[in-house]
Each structure stands twice: as C-alpha cells, then as structure tokens.
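Quick look at work28.cif (mmCIF, C-alpha atoms, pLDDT in the B column; chains and numbers go by the auth columns):
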data_model
#
loop_
_atom_site.group_PDB
_atom_site.id
_atom_site.type_symbol
_atom_site.label_atom_id
_atom_site.label_comp_id
_atom_site.label_asym_id
_atom_site.label_seq_id
_atom_site.Cartn_x
_atom_site.Cartn_y
_atom_site.Cartn_z
_atom_site.B_iso_or_equiv
_atom_site.auth_seq_id
_atom_site.auth_asym_id
ATOM 1 C CA MET A 1 2.251 -3.744 9.088 89.00 28 K
ATOM 2 C CA ILE A 2 4.328 -0.984 10.671 92.00 29 K
ATOM 3 C CA LYS A 3 7.383 -1.999 8.608 94.00 30 K
ATOM 4 C CA ILE A 4 5.306 -2.088 5.434 94.00 31 K
ATOM 5 C CA ASN A 5 3.758 1.299 6.161 90.00 32 K
ATOM 6 C CA ASP A 6 7.194 2.755 6.950 93.00 33 K
ATOM 7 C CA LYS A 7 8.342 1.640 3.510 93.00 34 K
ATOM 8 C CA LYS A 8 5.176 3.055 1.925 90.00 35 K
ATOM 9 C CA PHE A 9 5.643 6.427 3.610 89.00 36 K
ATOM 10 C CA ALA A 10 9.331 6.503 2.628 91.00 37 K
ATOM 11 C CA LEU A 11 8.283 5.850 -0.976 91.00 38 K
ATOM 12 C CA ILE A 12 5.742 8.652 -0.801 87.00 39 K
ATOM 13 C CA GLN A 13 8.321 11.041 0.654 87.00 40 K
ATOM 14 C CA ASP A 14 10.847 10.145 -2.037 88.00 41 K
ATOM 15 C CA TYR A 15 8.173 10.572 -4.693 86.00 42 K
ATOM 16 C CA ALA A 16 7.185 13.968 -3.302 83.00 43 K
ATOM 17 C CA ASP A 17 10.824 15.059 -3.235 85.00 44 K
ATOM 18 C CA HIS A 18 11.493 14.049 -6.862 85.00 45 K
ATOM 19 C CA TRP A 19 8.200 14.029 -8.778 78.00 46 K
ATOM 20 C CA GLY A 20 8.997 17.110 -10.889 80.00 47 K
ATOM 21 C CA THR A 21 12.408 15.844 -11.914 85.00 48 K
ATOM 22 C CA MET A 22 11.787 12.101 -11.885 84.00 49 K
ATOM 23 C CA SER A 23 13.527 10.187 -14.673 87.00 50 K
ATOM 24 C CA ASP A 24 11.917 7.275 -16.493 88.00 51 K
ATOM 25 C CA GLU A 25 14.069 4.865 -14.471 91.00 52 K
ATOM 26 C CA GLN A 26 13.116 6.518 -11.164 88.00 53 K
ATOM 27 C CA ALA A 27 9.432 6.397 -12.102 86.00 54 K
ATOM 28 C CA SER A 28 9.708 2.713 -13.055 92.00 55 K
ATOM 29 C CA ARG A 29 11.532 1.918 -9.795 93.00 56 K
ATOM 30 C CA PHE A 30 8.872 3.811 -7.821 90.00 57 K
ATOM 31 C CA LEU A 31 6.141 1.787 -9.509 90.00 58 K
ATOM 32 C CA ARG A 32 7.908 -1.527 -8.825 96.00 59 K
ATOM 33 C CA ASP A 33 8.500 -0.591 -5.185 96.00 60 K
ATOM 34 C CA TRP A 34 4.883 0.547 -4.767 92.00 61 K
ATOM 35 C CA LEU A 35 3.623 -2.764 -6.169 95.00 62 K
ATOM 36 C CA ASP A 36 6.012 -4.632 -3.843 97.00 63 K
ATOM 37 C CA VAL A 37 4.386 -2.814 -0.915 95.00 64 K
ATOM 38 C CA ASP A 38 0.929 -3.893 -2.143 93.00 65 K
ATOM 39 C CA ILE A 39 2.136 -7.489 -2.432 96.00 66 K
ATOM 40 C CA ALA A 40 3.611 -7.378 1.086 97.00 67 K
ATOM 41 C CA VAL A 41 0.285 -6.166 2.514 94.00 68 K
ATOM 42 C CA THR A 42 -1.595 -8.967 0.761 94.00 69 K
ATOM 43 C CA GLN A 43 0.899 -11.577 1.950 96.00 70 K
ATOM 44 C CA LEU A 44 0.595 -10.289 5.519 96.00 71 K
ATOM 45 C CA ARG A 45 -3.200 -10.541 5.381 95.00 72 K
ATOM 46 C CA GLN A 46 -2.951 -14.084 4.022 96.00 73 K
ATOM 47 C CA ARG A 47 -0.616 -15.036 6.851 96.00 74 K
ATOM 48 C CA TYR A 48 -3.101 -13.858 9.470 96.00 75 K
ATOM 49 C CA VAL A 49 -6.245 -15.496 8.037 96.00 76 K
ATOM 50 C CA PRO A 50 -5.622 -18.859 9.760 96.00 77 K
ATOM 51 C CA GLU A 51 -4.983 -17.147 13.103 96.00 78 K
ATOM 52 C CA VAL A 52 -8.125 -15.017 12.898 96.00 79 K
ATOM 53 C CA THR A 53 -10.127 -18.073 11.789 96.00 80 K
ATOM 54 C CA GLN A 54 -9.134 -19.816 15.035 96.00 81 K
ATOM 55 C CA VAL A 55 -10.849 -17.037 16.996 96.00 82 K
ATOM 56 C CA LEU A 56 -13.724 -16.044 14.704 96.00 83 K
ATOM 57 C CA ASN A 57 -16.053 -18.118 12.548 96.00 84 K
ATOM 58 C CA GLY A 58 -15.812 -17.911 8.761 94.00 85 K
ATOM 59 C CA ARG A 59 -18.376 -15.141 8.317 96.00 86 K
ATOM 60 C CA LYS A 60 -16.859 -12.966 11.028 97.00 87 K
ATOM 61 C CA THR A 61 -13.367 -13.580 9.640 96.00 88 K
ATOM 62 C CA ALA A 62 -14.553 -12.519 6.186 96.00 89 K
ATOM 63 C CA THR A 63 -16.196 -9.422 7.657 97.00 90 K
ATOM 64 C CA PHE A 64 -13.037 -8.551 9.584 96.00 91 K
ATOM 65 C CA PHE A 65 -10.849 -8.754 6.491 96.00 92 K
ATOM 66 C CA GLN A 66 -13.411 -6.897 4.358 96.00 93 K
ATOM 67 C CA LEU A 67 -13.398 -4.049 6.870 96.00 94 K
ATOM 68 C CA ASP A 68 -9.598 -4.120 7.129 95.00 95 K
ATOM 69 C CA ARG A 69 -9.294 -3.910 3.347 94.00 96 K
ATOM 70 C CA ARG A 70 -11.871 -1.127 3.030 96.00 97 K
ATOM 71 C CA ILE A 71 -10.165 0.962 5.701 95.00 98 K
ATOM 72 C CA SER A 72 -6.809 0.409 4.003 92.00 99 K
ATOM 73 C CA MET A 73 -8.260 1.422 0.630 92.00 100 K
ATOM 74 C CA MET A 74 -9.711 4.611 2.121 94.00 101 K
ATOM 75 C CA ILE A 75 -6.334 5.507 3.612 90.00 102 K
ATOM 76 C CA ASP A 76 -4.572 4.727 0.322 87.00 103 K
ATOM 77 C CA LEU A 77 -7.084 6.850 -1.576 90.00 104 K
ATOM 78 C CA GLN A 78 -6.463 9.795 0.735 89.00 105 K
ATOM 79 C CA LEU A 79 -2.701 9.396 0.339 83.00 106 K
ATOM 80 C CA ALA A 80 -2.897 9.014 -3.425 80.00 107 K
ATOM 81 C CA SER A 81 -5.122 12.047 -3.820 80.00 108 K
ATOM 82 C CA LYS A 82 -2.364 14.200 -2.273 76.00 109 K
ATOM 83 C CA LEU A 83 0.321 12.996 -4.661 75.00 110 K
ATOM 84 C CA PRO A 84 0.944 14.912 -7.867 73.00 111 K
ATOM 85 C CA ILE A 85 0.929 12.925 -11.103 73.00 112 K
ATOM 86 C CA VAL A 86 4.327 12.393 -12.702 63.00 113 K
ATOM 87 C CA GLN A 87 4.541 14.782 -15.607 62.00 114 K
ATOM 88 C CA ALA A 88 5.528 13.339 -18.974 60.00 115 K
ATOM 89 C CA GLN A 89 8.494 15.185 -20.410 58.00 116 K
ATOM 90 C CA GLU A 90 7.899 16.356 -23.923 57.00 117 K
#

Translate this structure into structure tokens?
Amino acid sequence: MIKINDKKFALIQDYADHWGTMSDEQASRFLRDWLDVDIAVTQLRQRYVPEVTQVLNGRKTATFFQLDRRISMMIDLQLASKLPIVQAQE
C-alpha cells in the first residue's frame, strides 16, 4: 500500500504543480493514472482477502474490509477536497 500511496501522492503533487496550465493530454493522463491507482488498491485488497479469511471468520473479514474501505474513502475525500478543479480553457 505504501508504493500505491507514494504513486498517489506523486500524482497529486504533479497535479497541484500543473493544474492551471494542464493541457488536455496531461489531464487525460492524470485521469488514467488516477484510475490505475484505484485499480491497484482494489487488486491489493482482493489479494489479502484469503489471508484475512484464514484468521477471521467471514463476518469479521467483511467488517474489516468495510472499515478499511471507509477509512480509505474518508482520506481520499479529504485529499480531493484540497485539489482545485481543472479549469476548462475557453
């Protein structure tokens, strides 16, 4: 998760550095990279479900992953709320 978050934070930094002058191609690349980060997080969670299931029963495993996802969504919401929206060039 550290590697994934490092990539996410690098994306955010790049976005913050270029948001006012971002070209269409840069904005599209940012979006693709951001979605790739989301996919990587989901794949990582899927990889750990069998391991957690060996330690916790089904209900506790579901609760664990629900809490993990909710915490992640709260963090993502806080990050996203700090980012300016890309301005459409007229």

Problem set entry | Matched chain/residue IDs from the PyMOL selection byres ((chain K and resi 65) around 12), as number ranges by chain | K: 28, 31-32, 34-35, 58-64, 66-72, 96, 99-100, 103

Exercise. Can you list, as a list of chain:residue names, every protein, DNA or RNA residue that comes within 10 Å of segment 41-44 of chain K when you count all atoms listed in the file, leaving out same-chain residues fewer than 5 positions away?
Worked result: K:Lys35, K:Phe36, K:Met49, K:Gln53, K:Ala54, K:Phe57, K:Lys109, K:Leu110, K:Pro111, K:Ile112, K:Val113

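Among the candidate residues K:Ile29, K:Arg56, K:Val76, K:Gly47, the one lying nearest to Gln93 of chain K is K:Val76, with distances computed using only C-alpha atoms.
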
Exercise. Mind pulling up the distance from atom CA of Phe91 of chain K to atom CA of Val79 of chain K?
Worked result: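 Separating atom CA of Val79 of chain K from atom CA of Phe91 of chain K is a distance of 8.8 Å.
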
Exercise. Atom CA of Tyr75 of chain K to atom CA of Thr88 of chain K: how many Å, to one decimal?
Worked result: 10.3 Å

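One finds atom CA of Ala89 of chain K at 20.0 Å from atom CA of Ile102 of chain K.
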
First collect every listed atom of segment 55-72 of chain K; then fit an axis-aligned box around them, widen it by 5 Å on each side, and give centre and edge lengths in Å to one decimal, as JSON.
{"center_x": 4.2, "center_y": -3.9, "center_z": -3.8, "size_x": 24.7, "size_y": 25.4, "size_z": 28.6}

For this session: Pick out the closest residue to Gln73 of chain K from this set: K:Ser50, K:Gln40, K:Ala107, K:Phe92. Count all atoms listed in the file.
Result: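 Nearest to Gln73 of chain K: K:Phe92.
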
For this session: For each of K:Arg74, K:Leu106, K:Met101, K:Thr90, take the minimum atom-to-atom distance to Leu38 of chain K, counting only C-alpha atoms, then give the residue where this is smallest.
Result: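 Closest to Leu38 of chain K of all the choices is K:Leu106.
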
Please complete segment 88-99 of chain K with all heavy atoms and give it back as a compact mmCIF listing (two decimals), in the coordinates of the input.
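Okay, part34.txt is ready:
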# COMPACT_ATOMS: atom_id res chain seq x y z
N THR K 88 -14.71 -13.76 10.20
CA THR K 88 -13.37 -13.58 9.64
C THR K 88 -13.45 -12.82 8.32
O THR K 88 -12.68 -11.87 8.09
CB THR K 88 -12.68 -14.95 9.43
OG1 THR K 88 -12.51 -15.58 10.70
CG2 THR K 88 -11.33 -14.79 8.76
N ALA K 89 -14.38 -13.21 7.47
CA ALA K 89 -14.55 -12.52 6.19
C ALA K 89 -14.92 -11.06 6.41
O ALA K 89 -14.38 -10.17 5.75
CB ALA K 89 -15.62 -13.21 5.35
N THR K 90 -15.80 -10.80 7.35
CA THR K 90 -16.20 -9.42 7.66
C THR K 90 -15.00 -8.62 8.16
O THR K 90 -14.78 -7.48 7.74
CB THR K 90 -17.33 -9.40 8.71
OG1 THR K 90 -18.45 -10.10 8.19
CG2 THR K 90 -17.74 -7.98 9.05
N PHE K 91 -14.22 -9.23 9.05
CA PHE K 91 -13.04 -8.55 9.58
C PHE K 91 -12.10 -8.13 8.46
O PHE K 91 -11.65 -6.98 8.40
CB PHE K 91 -12.30 -9.46 10.58
CG PHE K 91 -10.98 -8.90 11.02
CD1 PHE K 91 -10.92 -7.95 12.03
CD2 PHE K 91 -9.79 -9.31 10.42
CE1 PHE K 91 -9.71 -7.42 12.44
CE2 PHE K 91 -8.58 -8.78 10.81
CZ PHE K 91 -8.53 -7.84 11.82
N PHE K 92 -11.79 -9.06 7.56
CA PHE K 92 -10.85 -8.75 6.49
C PHE K 92 -11.45 -7.81 5.45
O PHE K 92 -10.74 -7.02 4.83
CB PHE K 92 -10.29 -10.04 5.86
CG PHE K 92 -9.22 -10.66 6.72
CD1 PHE K 92 -9.50 -11.73 7.54
CD2 PHE K 92 -7.93 -10.14 6.74
CE1 PHE K 92 -8.53 -12.29 8.35
CE2 PHE K 92 -6.95 -10.69 7.55
CZ PHE K 92 -7.25 -11.76 8.36
N GLN K 93 -12.76 -7.87 5.24
CA GLN K 93 -13.41 -6.90 4.36
C GLN K 93 -13.27 -5.49 4.94
O GLN K 93 -12.94 -4.54 4.21
CB GLN K 93 -14.89 -7.23 4.17
CG GLN K 93 -15.13 -8.39 3.23
CD GLN K 93 -16.61 -8.75 3.18
OE1 GLN K 93 -17.35 -8.57 4.15
NE2 GLN K 93 -17.04 -9.28 2.04
N LEU K 94 -13.52 -5.36 6.22
CA LEU K 94 -13.40 -4.05 6.87
C LEU K 94 -11.95 -3.57 6.86
O LEU K 94 -11.67 -2.39 6.57
CB LEU K 94 -13.94 -4.10 8.30
CG LEU K 94 -15.44 -4.29 8.42
CD1 LEU K 94 -15.83 -4.53 9.87
CD2 LEU K 94 -16.19 -3.10 7.85
N ASP K 95 -11.01 -4.48 7.16
CA ASP K 95 -9.60 -4.12 7.13
C ASP K 95 -9.20 -3.61 5.75
O ASP K 95 -8.52 -2.59 5.62
CB ASP K 95 -8.76 -5.34 7.52
CG ASP K 95 -7.27 -5.08 7.39
OD1 ASP K 95 -6.75 -4.22 8.14
OD2 ASP K 95 -6.63 -5.74 6.54
N ARG K 96 -9.64 -4.31 4.72
CA ARG K 96 -9.29 -3.91 3.35
C ARG K 96 -9.94 -2.58 2.98
O ARG K 96 -9.31 -1.73 2.36
CB ARG K 96 -9.72 -5.00 2.38
CG ARG K 96 -9.28 -4.72 0.96
CD ARG K 96 -9.22 -6.01 0.17
NE ARG K 96 -9.13 -5.72 -1.23
CZ ARG K 96 -7.98 -5.51 -1.87
NH1 ARG K 96 -6.86 -5.54 -1.22
NH2 ARG K 96 -7.97 -5.27 -3.17
N ARG K 97 -11.19 -2.39 3.34
CA ARG K 97 -11.87 -1.13 3.03
C ARG K 97 -11.20 0.06 3.72
O ARG K 97 -11.02 1.11 3.11
CB ARG K 97 -13.34 -1.19 3.42
CG ARG K 97 -14.16 -2.03 2.48
CD ARG K 97 -15.61 -2.02 2.86
NE ARG K 97 -16.35 -2.91 1.98
CZ ARG K 97 -17.65 -3.03 1.98
NH1 ARG K 97 -18.38 -2.32 2.82
NH2 ARG K 97 -18.24 -3.86 1.15
N ILE K 98 -10.85 -0.12 4.98
CA ILE K 98 -10.16 0.96 5.70
C ILE K 98 -8.82 1.26 5.04
O ILE K 98 -8.47 2.43 4.83
CB ILE K 98 -10.00 0.60 7.19
CG1 ILE K 98 -11.37 0.59 7.88
CG2 ILE K 98 -9.04 1.57 7.89
CD1 ILE K 98 -11.37 -0.06 9.25
N SER K 99 -8.09 0.22 4.68
CA SER K 99 -6.81 0.41 4.00
C SER K 99 -6.98 1.13 2.66
O SER K 99 -6.19 2.00 2.32
CB SER K 99 -6.12 -0.94 3.77
OG SER K 99 -5.74 -1.50 4.99
